[in-house]
Amino acid sequence: MPSRNFSLRLSLFNAVLFLGSGIQLPFLPLWLQGRGLGDAEVAFVVAMMSAVRILGIPLGTALADLTQRRRAVIIACAFGAAAAYLAMSAMAGFWPILLTGMLAAALLAPVVPLTEAMAVEGSAQYGLDYGRIRMWASLSFLSGSLGAGALLEFIPVSWVIMLIATAQGLGALTTLQLPGDATPRSQKAETIRLKPFLGLVSTASFVVFLLAAGLGQASHGFLYAFGSVYFEHLGYSKFVIGLLWAASVLAEVTMFAFSNRFYRALGSVRLIMLGTGIATLRWTITALAPPLGLLFAVQTLHAASFGLTHLGTMHYIRERVPAGMRNTAQGLYSVLSSGILLSSTMWASGSLYGALGGGAFYVMAAIAAMACGLGFVLRGLSPRAAAVAAA
């Protein structure tokens, strides 16, 4: 397959990948309230839709490695998730909504890590810039959020779930044009063995890597859960708050557009070190309630705190994990990072904000500093050359 063809296919998929998430994150709670759920029930549904990723991701990614049919697993999960969201639109009452929501989230969960693995491997194979593919996912999230917000000025909030289902259905349709699996089927017998994988992921360097990258991303939990509340407390309007979020996403997109330059200059481990180090600075300044101009500048550091850390993470897995195990390794990282650590910091954010207010960002800074310190440990454990040749 020509490199341009691969890039266009993955970019198209990423361009719709997070449309649904961009609608769901800010607006699903409003739909749940409109369905008559109380505050505690809304919080529980949202929390369980996040927590179920702990099961959905490893099951989907392991299935992709066991069968060596990654594309087929992505297609099945994407269409299943779209159908579940459509079914959720017809549900009423706490338990039906909770169960269908958890099913939708569990089916959708493996899609992102599997397509991330596909994009990183293909970019290395064809000499492409992975970040220029990944940036379309960030733009799709921003488009979903802004587009839904604009539509909800004219349509009732009861339409939110149909907007999510439509976006997920569009995403499912674009999975049909994803490139085929590149790993030869002859590798199947080797990849289904559990012992080599456990031996790889239990090494000191891989454990430290998981903790460094996972804690770095988990330090964003308070921002995701209570960032808008904190900004509003500082006296900023909803329009300005929207601009602050947009500034972070646009900075991230800009970084991804030139990501190969960062990777060639720094390598995977130093990217994680730099990203988590800048995250420490970002949360410390944010906790100080800076003036608006400085706050905008701090928000653009998302390009490093999230972007560089993510970029280093994806390349580290590609460098050090054999091809037949990468889907499962990607799933393991996603479970720890977004399924356990990030969910934990988000769930703790309510208590932290109640006790510390904006000072809760100091806690996030401490988590990011811990991740940066682990990055230095990882640098000592990981030689410059990849420990396992990329197959």
# chains A, B, ... in the order shown; residues from 1 in each chain; ligands from 1
>>> residues_around(residues="Ala105 in chain A", least_positions_apart="6", cutoff="8 Å", atoms="only C-alpha atoms", output="JSON, numbers by chain")
{"A": [49, 50, 52, 53, 56, 81]}
>>> residues_around(residues="Leu152 in chain A", least_positions_apart="4", cutoff="12 Å", atoms="only C-alpha atoms", output="list in words")
Ile23, Pro26, Phe27, Leu30, Trp31, Gly144, Ser145, Leu146, Gly147, Ala148, Pro156, Val157, Ser158, Trp159, Val160, Ile161 and Leu163 of chain A
>>> closest_residue(among="A:Phe141, A:Phe296, A:Phe206, A:Phe256", to="Leu17 in chain A", atoms="only C-alpha atoms")
A:Phe141
>>> closest_residue(among="A:Leu151, A:Ile340, A:Met346, A:Leu176", to="Val73 in chain A", atoms="only C-alpha atoms")
A:Leu176
>>> atom_distance(atom1="CA of Thr313 in chain A", atom2="CA of Ile57 in chain A")
17.0 Å
>>> residues_around(residues="range 235-244 of chain A", least_positions_apart="5", cutoff="10 Å", atoms="only C-alpha atoms", output="number ranges by chain")
A: 145-146, 227-230, 249, 292, 295-300
